[in-house]
>>> print(open('protein-v3.csv').read())   # CSV, C-alpha atoms
chain,number,residue,atom,x,y,z
T,1,MET,CA,-27.7,-8.9,20.1
T,2,LYS,CA,-25.0,-6.4,20.8
T,3,PHE,CA,-22.4,-5.7,18.1
T,4,LEU,CA,-19.3,-3.5,17.9
T,5,ALA,CA,-18.4,-2.1,14.5
T,6,HIS,CA,-14.9,-0.8,13.6
T,7,ILE,CA,-15.2,1.6,10.7
T,8,ARG,CA,-12.3,3.1,8.8
T,9,VAL,CA,-12.9,5.9,6.2
T,10,THR,CA,-10.2,7.1,4.0
T,11,LEU,CA,-9.9,9.3,0.9
T,12,LYS,CA,-9.8,7.3,-2.3
T,13,PRO,CA,-6.3,6.7,-3.5
T,14,THR,CA,-6.7,9.1,-6.5
T,15,VAL,CA,-7.9,12.0,-4.2
T,16,ASN,CA,-5.3,14.4,-3.0
T,17,ASP,CA,-4.7,14.3,0.8
T,18,PRO,CA,-3.2,17.6,2.0
T,19,GLN,CA,-3.8,16.7,5.6
T,20,GLY,CA,-1.8,13.5,5.2
T,21,LYS,CA,1.0,15.3,3.4
T,22,THR,CA,1.2,17.9,6.1
T,23,ILE,CA,1.4,15.2,8.8
T,24,ALA,CA,4.0,13.3,6.9
T,25,GLN,CA,6.1,16.6,6.6
T,26,GLY,CA,5.7,17.1,10.3
T,27,LEU,CA,7.0,13.6,11.1
T,28,GLY,CA,9.9,14.2,8.7
T,29,ARG,CA,10.8,17.4,10.6
T,30,LEU,CA,10.7,15.3,13.8
T,31,GLY,CA,13.4,13.0,12.4
T,32,PHE,CA,11.2,10.2,10.9
T,33,ASP,CA,13.0,9.8,7.6
T,34,SER,CA,11.6,6.4,6.6
T,35,ILE,CA,8.1,7.6,5.6
T,36,GLU,CA,7.2,7.1,2.0
T,37,SER,CA,3.6,8.2,2.3
T,38,LEU,CA,0.9,8.9,4.8
T,39,ARG,CA,-2.9,9.0,4.3
T,40,ALA,CA,-5.2,10.5,7.0
T,41,GLY,CA,-8.7,9.3,7.6
T,42,LYS,CA,-11.4,8.8,10.1
T,43,TYR,CA,-12.2,6.0,12.5
T,44,PHE,CA,-15.5,5.2,14.2
T,45,GLU,CA,-16.4,2.6,16.8
T,46,VAL,CA,-20.2,2.0,16.9
T,47,ARG,CA,-22.0,-0.1,19.4
T,48,LEU,CA,-25.4,-1.2,18.1
T,49,ASP,CA,-28.1,-3.6,19.0
T,50,GLU,CA,-29.4,-5.6,16.0
T,51,ALA,CA,-31.1,-9.0,15.6
T,52,SER,CA,-28.2,-10.6,13.7
T,53,ALA,CA,-24.7,-10.0,12.4
T,54,GLU,CA,-26.1,-9.7,8.9
T,55,ALA,CA,-28.5,-7.0,10.1
T,56,ALA,CA,-25.7,-5.2,11.9
T,57,GLU,CA,-23.5,-5.2,8.8
T,58,ALA,CA,-26.3,-3.9,6.7
T,59,ALA,CA,-27.0,-1.1,9.1
T,60,VAL,CA,-23.3,-0.1,9.3
T,61,GLU,CA,-23.0,-0.1,5.5
T,62,GLN,CA,-26.0,2.2,5.3
T,63,MET,CA,-24.5,4.5,8.0
T,64,CYS,CA,-21.3,4.7,5.9
T,65,GLU,CA,-23.2,5.5,2.7
T,66,LYS,CA,-25.5,8.1,4.3
T,67,LEU,CA,-23.4,9.9,6.8
T,68,LEU,CA,-20.0,8.6,7.9
T,69,ALA,CA,-18.4,8.6,4.4
T,70,ASN,CA,-18.7,10.7,1.3
T,71,PRO,CA,-18.9,7.9,-1.3
T,72,VAL,CA,-17.8,10.4,-4.1
T,73,ILE,CA,-14.3,10.9,-2.6
T,74,GLU,CA,-14.0,8.4,0.2
T,75,GLN,CA,-13.9,4.7,0.7
T,76,TYR,CA,-14.7,2.8,3.8
T,77,TYR,CA,-14.0,-0.6,5.4
T,78,PHE,CA,-15.7,-2.0,8.4
T,79,ARG,CA,-15.7,-5.0,10.6
T,80,VAL,CA,-18.6,-6.0,12.9
T,81,GLU,CA,-18.0,-8.2,15.9
T,82,PRO,CA,-20.4,-9.6,18.5
T,83,VAL,CA,-20.1,-8.2,22.0
T,84,ALA,CA,-20.7,-10.4,25.0
T,85,GLU,CA,-23.7,-9.0,26.9
T,86,PRO,CA,-23.3,-8.7,30.6
T,87,ALA,CA,-25.5,-11.1,32.6
T,88,THR,CA,-28.7,-9.6,33.7
T,89,THR,CA,-29.1,-9.4,37.4
T,90,GLY,CA,-32.2,-10.2,39.5
P,1,MET,CA,11.8,-3.5,3.4
P,2,LYS,CA,8.6,-1.7,2.9
P,3,PHE,CA,5.9,-1.8,5.5
P,4,LEU,CA,2.3,-0.5,5.7
P,5,ALA,CA,1.1,0.6,9.1
P,6,HIS,CA,-2.6,0.9,10.0
P,7,ILE,CA,-2.9,3.3,13.0
P,8,ARG,CA,-6.2,4.0,14.9
P,9,VAL,CA,-6.3,6.8,17.4
P,10,THR,CA,-9.3,7.2,19.7
P,11,LEU,CA,-10.1,9.2,22.8
P,12,LYS,CA,-9.6,7.3,26.0
P,13,PRO,CA,-12.9,5.7,27.2
P,14,THR,CA,-13.1,8.1,30.1
P,15,VAL,CA,-12.8,11.2,27.9
P,16,ASN,CA,-15.9,12.9,26.7
P,17,ASP,CA,-16.4,12.7,22.9
P,18,PRO,CA,-18.8,15.4,21.7
P,19,GLN,CA,-18.0,14.7,18.1
P,20,GLY,CA,-19.0,11.1,18.4
P,21,LYS,CA,-22.2,12.1,20.3
P,22,THR,CA,-23.1,14.5,17.6
P,23,ILE,CA,-22.6,11.9,14.8
P,24,ALA,CA,-24.7,9.4,16.8
P,25,GLN,CA,-27.5,11.9,17.1
P,26,GLY,CA,-27.3,12.6,13.3
P,27,LEU,CA,-27.5,8.9,12.6
P,28,GLY,CA,-30.5,8.7,15.0
P,29,ARG,CA,-32.3,11.5,13.0
P,30,LEU,CA,-31.6,9.5,9.8
P,31,GLY,CA,-33.5,6.6,11.3
P,32,PHE,CA,-30.7,4.4,12.7
P,33,ASP,CA,-32.3,3.6,16.1
P,34,SER,CA,-30.1,0.7,17.1
P,35,ILE,CA,-27.0,2.7,18.0
P,36,GLU,CA,-26.0,2.5,21.6
P,37,SER,CA,-22.8,4.6,21.4
P,38,LEU,CA,-20.4,6.0,18.8
P,39,ARG,CA,-16.8,7.0,19.4
P,40,ALA,CA,-15.0,9.1,16.7
P,41,GLY,CA,-11.3,8.9,16.1
P,42,LYS,CA,-8.5,9.2,13.6
P,43,TYR,CA,-7.1,6.7,11.2
P,44,PHE,CA,-3.7,6.8,9.4
P,45,GLU,CA,-2.1,4.6,6.8
P,46,VAL,CA,1.7,5.1,6.8
P,47,ARG,CA,4.0,3.5,4.2
P,48,LEU,CA,7.6,3.3,5.5
P,49,ASP,CA,10.9,1.7,4.6
P,50,GLU,CA,12.6,0.1,7.6
P,51,ALA,CA,15.2,-2.6,8.0
P,52,SER,CA,12.8,-5.0,9.9
P,53,ALA,CA,9.3,-5.4,11.2
P,54,GLU,CA,10.6,-4.7,14.7
P,55,ALA,CA,12.2,-1.4,13.5
P,56,ALA,CA,9.0,-0.4,11.7
P,57,GLU,CA,6.9,-1.1,14.8
P,58,ALA,CA,9.2,0.9,17.0
P,59,ALA,CA,9.1,3.8,14.5
P,60,VAL,CA,5.3,3.8,14.3
P,61,GLU,CA,5.0,3.7,18.1
P,62,GLN,CA,7.3,6.8,18.3
P,63,MET,CA,5.2,8.5,15.6
P,64,CYS,CA,2.1,7.9,17.7
P,65,GLU,CA,3.7,9.1,20.9
P,66,LYS,CA,5.2,12.2,19.4
P,67,LEU,CA,2.7,13.5,16.9
P,68,LEU,CA,-0.2,11.3,15.8
P,69,ALA,CA,-1.8,10.9,19.2
P,70,ASN,CA,-2.0,12.9,22.4
P,71,PRO,CA,-1.1,10.3,25.0
P,72,VAL,CA,-2.8,12.4,27.7
P,73,ILE,CA,-6.3,11.9,26.3
P,74,GLU,CA,-5.9,9.5,23.4
P,75,GLN,CA,-5.1,5.9,23.0
P,76,TYR,CA,-3.7,4.3,19.8
P,77,TYR,CA,-3.5,0.9,18.2
P,78,PHE,CA,-1.5,-0.1,15.2
P,79,ARG,CA,-0.7,-3.0,13.0
P,80,VAL,CA,2.3,-3.2,10.7
P,81,GLU,CA,2.3,-5.5,7.7
P,82,PRO,CA,5.0,-6.1,5.1
P,83,VAL,CA,4.3,-4.8,1.6
P,84,ALA,CA,5.5,-6.8,-1.4
P,85,GLU,CA,8.0,-4.6,-3.3
P,86,PRO,CA,7.5,-4.3,-7.0
P,87,ALA,CA,10.3,-6.0,-9.0
P,88,THR,CA,12.9,-3.6,-10.1
P,89,THR,CA,13.3,-3.2,-13.9
P,90,GLY,CA,16.4,-3.0,-15.9
>>> encode(input="protein-v3.csv", output="structure tokens")
Amino acid sequence: MKFLAHIRVTLKPTVNDPQGKTIAQGLGRLGFDSIESLRAGKYFEVRLDEASAEAAEAAVEQMCEKLLANPVIEQYYFRVEPVAEPATTG
Amino acid sequence: MKFLAHIRVTLKPTVNDPQGKTIAQGLGRLGFDSIESLRAGKYFEVRLDEASAEAAEAAVEQMCEKLLANPVIEQYYFRVEPVAEPATTG
């Protein structure tokens, strides 16, 4: 079965985020004066072929732990959804 | 009112994503052989203080158009949710 995983990786709340601070300052200079804080992170969309939703979630969690996120300073959230497979022809 | 916006920025589907391809290859070398494709993007969490949800959504859309995304090659999605304000003391 085909699945699509949406993965968000952000710095843990206690970790300083200079990139986010810089972006927030840039938005402030553009006139956006309602911003209280901004955190920058990474986003991944992964299409994968696994036997079940549970297997897909387990694989995505391992991808996050091993490569996509640094568990020491980052946290991650993901959502896995099934993807309709196109009908095979012939 | 306080709002929290979750913003995802990705390259448009027609735009080549060498970063995503490299990450997918890295995951493949780690033994993840079920990946069909991977797209890399950016993720932002913005806390802002606006008069209404409509005003917050309009502000976030302008932030995306003007700074957070490059509308020529990137697309963005966002979701704005209200944040419970802590009770003021004293």
>>> interface_residues(input="protein-v3.csv", of="chain T", to="chain P", cutoff="7 Å", atoms="all atoms listed in the file", output="list in words")
Arg8, Ser34, Ile35, Glu36, Ser37, Leu38, Arg39, Ala40, Gly41, Lys42, Tyr43, Phe44, Glu45, Val46, Arg47, Leu48, Asp49 and Glu50 of chain T
>>> closest_residue(input="protein-v3.csv", among="T:Val80, T:Asn16, T:Lys21, T:Gln75", to="Ala55 (chain T)", atoms="only C-alpha atoms")
T:Val80
>>> calpha_fit_and_write(input="protein-v3.csv", fixed="chain P", moving="chain T", output="PDB file with C-alpha atoms, keeping the file's coordinate frame")
ATOM      1  CA  MET T   1      11.879  -3.418   3.466  1.00  0.00           C
ATOM      2  CA  LYS T   2       8.606  -1.730   2.780  1.00  0.00           C
ATOM      3  CA  PHE T   3       5.916  -1.771   5.483  1.00  0.00           C
ATOM      4  CA  LEU T   4       2.340  -0.485   5.696  1.00  0.00           C
ATOM      5  CA  ALA T   5       1.101   0.600   9.104  1.00  0.00           C
ATOM      6  CA  HIS T   6      -2.618   0.906  10.010  1.00  0.00           C
ATOM      7  CA  ILE T   7      -2.970   3.280  12.926  1.00  0.00           C
ATOM      8  CA  ARG T   8      -6.165   3.934  14.834  1.00  0.00           C
ATOM      9  CA  VAL T   9      -6.335   6.775  17.453  1.00  0.00           C
ATOM     10  CA  THR T  10      -9.256   7.192  19.659  1.00  0.00           C
ATOM     11  CA  LEU T  11     -10.132   9.211  22.773  1.00  0.00           C
ATOM     12  CA  LYS T  12      -9.687   7.237  25.960  1.00  0.00           C
ATOM     13  CA  PRO T  13     -12.896   5.711  27.154  1.00  0.00           C
ATOM     14  CA  THR T  14     -13.152   8.111  30.170  1.00  0.00           C
ATOM     15  CA  VAL T  15     -12.777  11.242  27.889  1.00  0.00           C
ATOM     16  CA  ASN T  16     -15.928  12.863  26.703  1.00  0.00           C
ATOM     17  CA  ASP T  17     -16.483  12.630  22.903  1.00  0.00           C
ATOM     18  CA  PRO T  18     -18.816  15.414  21.723  1.00  0.00           C
ATOM     19  CA  GLN T  19     -18.000  14.731  18.118  1.00  0.00           C
ATOM     20  CA  GLY T  20     -19.067  11.109  18.496  1.00  0.00           C
ATOM     21  CA  LYS T  21     -22.245  12.080  20.306  1.00  0.00           C
ATOM     22  CA  THR T  22     -23.139  14.548  17.623  1.00  0.00           C
ATOM     23  CA  ILE T  23     -22.610  11.911  14.905  1.00  0.00           C
ATOM     24  CA  ALA T  24     -24.602   9.371  16.791  1.00  0.00           C
ATOM     25  CA  GLN T  25     -27.511  11.984  17.111  1.00  0.00           C
ATOM     26  CA  GLY T  26     -27.264  12.596  13.415  1.00  0.00           C
ATOM     27  CA  LEU T  27     -27.578   8.881  12.591  1.00  0.00           C
ATOM     28  CA  GLY T  28     -30.530   8.665  14.993  1.00  0.00           C
ATOM     29  CA  ARG T  29     -32.258  11.518  13.114  1.00  0.00           C
ATOM     30  CA  LEU T  30     -31.601   9.543   9.900  1.00  0.00           C
ATOM     31  CA  GLY T  31     -33.583   6.593  11.283  1.00  0.00           C
ATOM     32  CA  PHE T  32     -30.710   4.477  12.766  1.00  0.00           C
ATOM     33  CA  ASP T  33     -32.333   3.587  16.063  1.00  0.00           C
ATOM     34  CA  SER T  34     -30.070   0.682  17.041  1.00  0.00           C
ATOM     35  CA  ILE T  35     -27.020   2.771  18.051  1.00  0.00           C
ATOM     36  CA  GLU T  36     -26.015   2.508  21.648  1.00  0.00           C
ATOM     37  CA  SER T  37     -22.842   4.536  21.358  1.00  0.00           C
ATOM     38  CA  LEU T  38     -20.432   5.951  18.864  1.00  0.00           C
ATOM     39  CA  ARG T  39     -16.798   7.064  19.367  1.00  0.00           C
ATOM     40  CA  ALA T  40     -14.989   9.144  16.678  1.00  0.00           C
ATOM     41  CA  GLY T  41     -11.296   8.932  16.072  1.00  0.00           C
ATOM     42  CA  LYS T  42      -8.563   9.191  13.571  1.00  0.00           C
ATOM     43  CA  TYR T  43      -7.044   6.724  11.153  1.00  0.00           C
ATOM     44  CA  PHE T  44      -3.652   6.851   9.450  1.00  0.00           C
ATOM     45  CA  GLU T  45      -2.090   4.605   6.834  1.00  0.00           C
ATOM     46  CA  VAL T  46       1.731   5.048   6.732  1.00  0.00           C
ATOM     47  CA  ARG T  47       4.026   3.524   4.219  1.00  0.00           C
ATOM     48  CA  LEU T  48       7.598   3.369   5.514  1.00  0.00           C
ATOM     49  CA  ASP T  49      10.842   1.788   4.600  1.00  0.00           C
ATOM     50  CA  GLU T  50      12.635   0.191   7.588  1.00  0.00           C
ATOM     51  CA  ALA T  51      15.186  -2.630   7.967  1.00  0.00           C
ATOM     52  CA  SER T  52      12.824  -4.962   9.855  1.00  0.00           C
ATOM     53  CA  ALA T  53       9.293  -5.332  11.156  1.00  0.00           C
ATOM     54  CA  GLU T  54      10.565  -4.690  14.659  1.00  0.00           C
ATOM     55  CA  ALA T  55      12.151  -1.437  13.478  1.00  0.00           C
ATOM     56  CA  ALA T  56       8.968  -0.443  11.688  1.00  0.00           C
ATOM     57  CA  GLU T  57       6.853  -1.054  14.787  1.00  0.00           C
ATOM     58  CA  ALA T  58       9.203   0.936  16.897  1.00  0.00           C
ATOM     59  CA  ALA T  59       9.123   3.837  14.516  1.00  0.00           C
ATOM     60  CA  VAL T  60       5.290   3.808  14.320  1.00  0.00           C
ATOM     61  CA  GLU T  61       5.006   3.703  18.120  1.00  0.00           C
ATOM     62  CA  GLN T  62       7.278   6.723  18.337  1.00  0.00           C
ATOM     63  CA  MET T  63       5.213   8.553  15.651  1.00  0.00           C
ATOM     64  CA  CYS T  64       2.079   7.873  17.750  1.00  0.00           C
ATOM     65  CA  GLU T  65       3.698   9.133  20.956  1.00  0.00           C
ATOM     66  CA  LYS T  66       5.214  12.265  19.375  1.00  0.00           C
ATOM     67  CA  LEU T  67       2.705  13.451  16.885  1.00  0.00           C
ATOM     68  CA  LEU T  68      -0.223  11.293  15.775  1.00  0.00           C
ATOM     69  CA  ALA T  69      -1.760  10.841  19.274  1.00  0.00           C
ATOM     70  CA  ASN T  70      -2.031  12.925  22.388  1.00  0.00           C
ATOM     71  CA  PRO T  71      -1.084  10.265  24.969  1.00  0.00           C
ATOM     72  CA  VAL T  72      -2.811  12.359  27.785  1.00  0.00           C
ATOM     73  CA  ILE T  73      -6.319  11.911  26.286  1.00  0.00           C
ATOM     74  CA  GLU T  74      -5.940   9.440  23.470  1.00  0.00           C
ATOM     75  CA  GLN T  75      -5.043   5.853  22.945  1.00  0.00           C
ATOM     76  CA  TYR T  76      -3.766   4.257  19.834  1.00  0.00           C
ATOM     77  CA  TYR T  77      -3.530   0.804  18.211  1.00  0.00           C
ATOM     78  CA  PHE T  78      -1.520  -0.068  15.203  1.00  0.00           C
ATOM     79  CA  ARG T  79      -0.717  -2.944  12.984  1.00  0.00           C
ATOM     80  CA  VAL T  80       2.343  -3.114  10.679  1.00  0.00           C
ATOM     81  CA  GLU T  81       2.352  -5.375   7.664  1.00  0.00           C
ATOM     82  CA  PRO T  82       5.037  -6.062   5.057  1.00  0.00           C
ATOM     83  CA  VAL T  83       4.368  -4.772   1.566  1.00  0.00           C
ATOM     84  CA  ALA T  84       5.533  -6.710  -1.448  1.00  0.00           C
ATOM     85  CA  GLU T  85       8.044  -4.544  -3.337  1.00  0.00           C
ATOM     86  CA  PRO T  86       7.574  -4.339  -7.036  1.00  0.00           C
ATOM     87  CA  ALA T  87      10.336  -6.047  -9.050  1.00  0.00           C
ATOM     88  CA  THR T  88      13.014  -3.736 -10.138  1.00  0.00           C
ATOM     89  CA  THR T  89      13.341  -3.412 -13.837  1.00  0.00           C
ATOM     90  CA  GLY T  90      16.540  -3.337 -15.940  1.00  0.00           C
TER      91      GLY T  90
END
>>> atom_distance(input="protein-v3.csv", atom1="CA of Glu54 (chain P)", atom2="CA of Phe78 (chain P)")
13.0 Å
>>> atom_distance(input="protein-v3.csv", atom1="CA of Gln25 (chain T)", atom2="CA of Cys64 (chain P)")
14.7 Å
>>> closest_residue(input="protein-v3.csv", among="P:Ser52, P:Lys12, P:Thr22, P:Glu65", to="Glu81 (chain P)", atoms="all atoms listed in the file")
P:Ser52
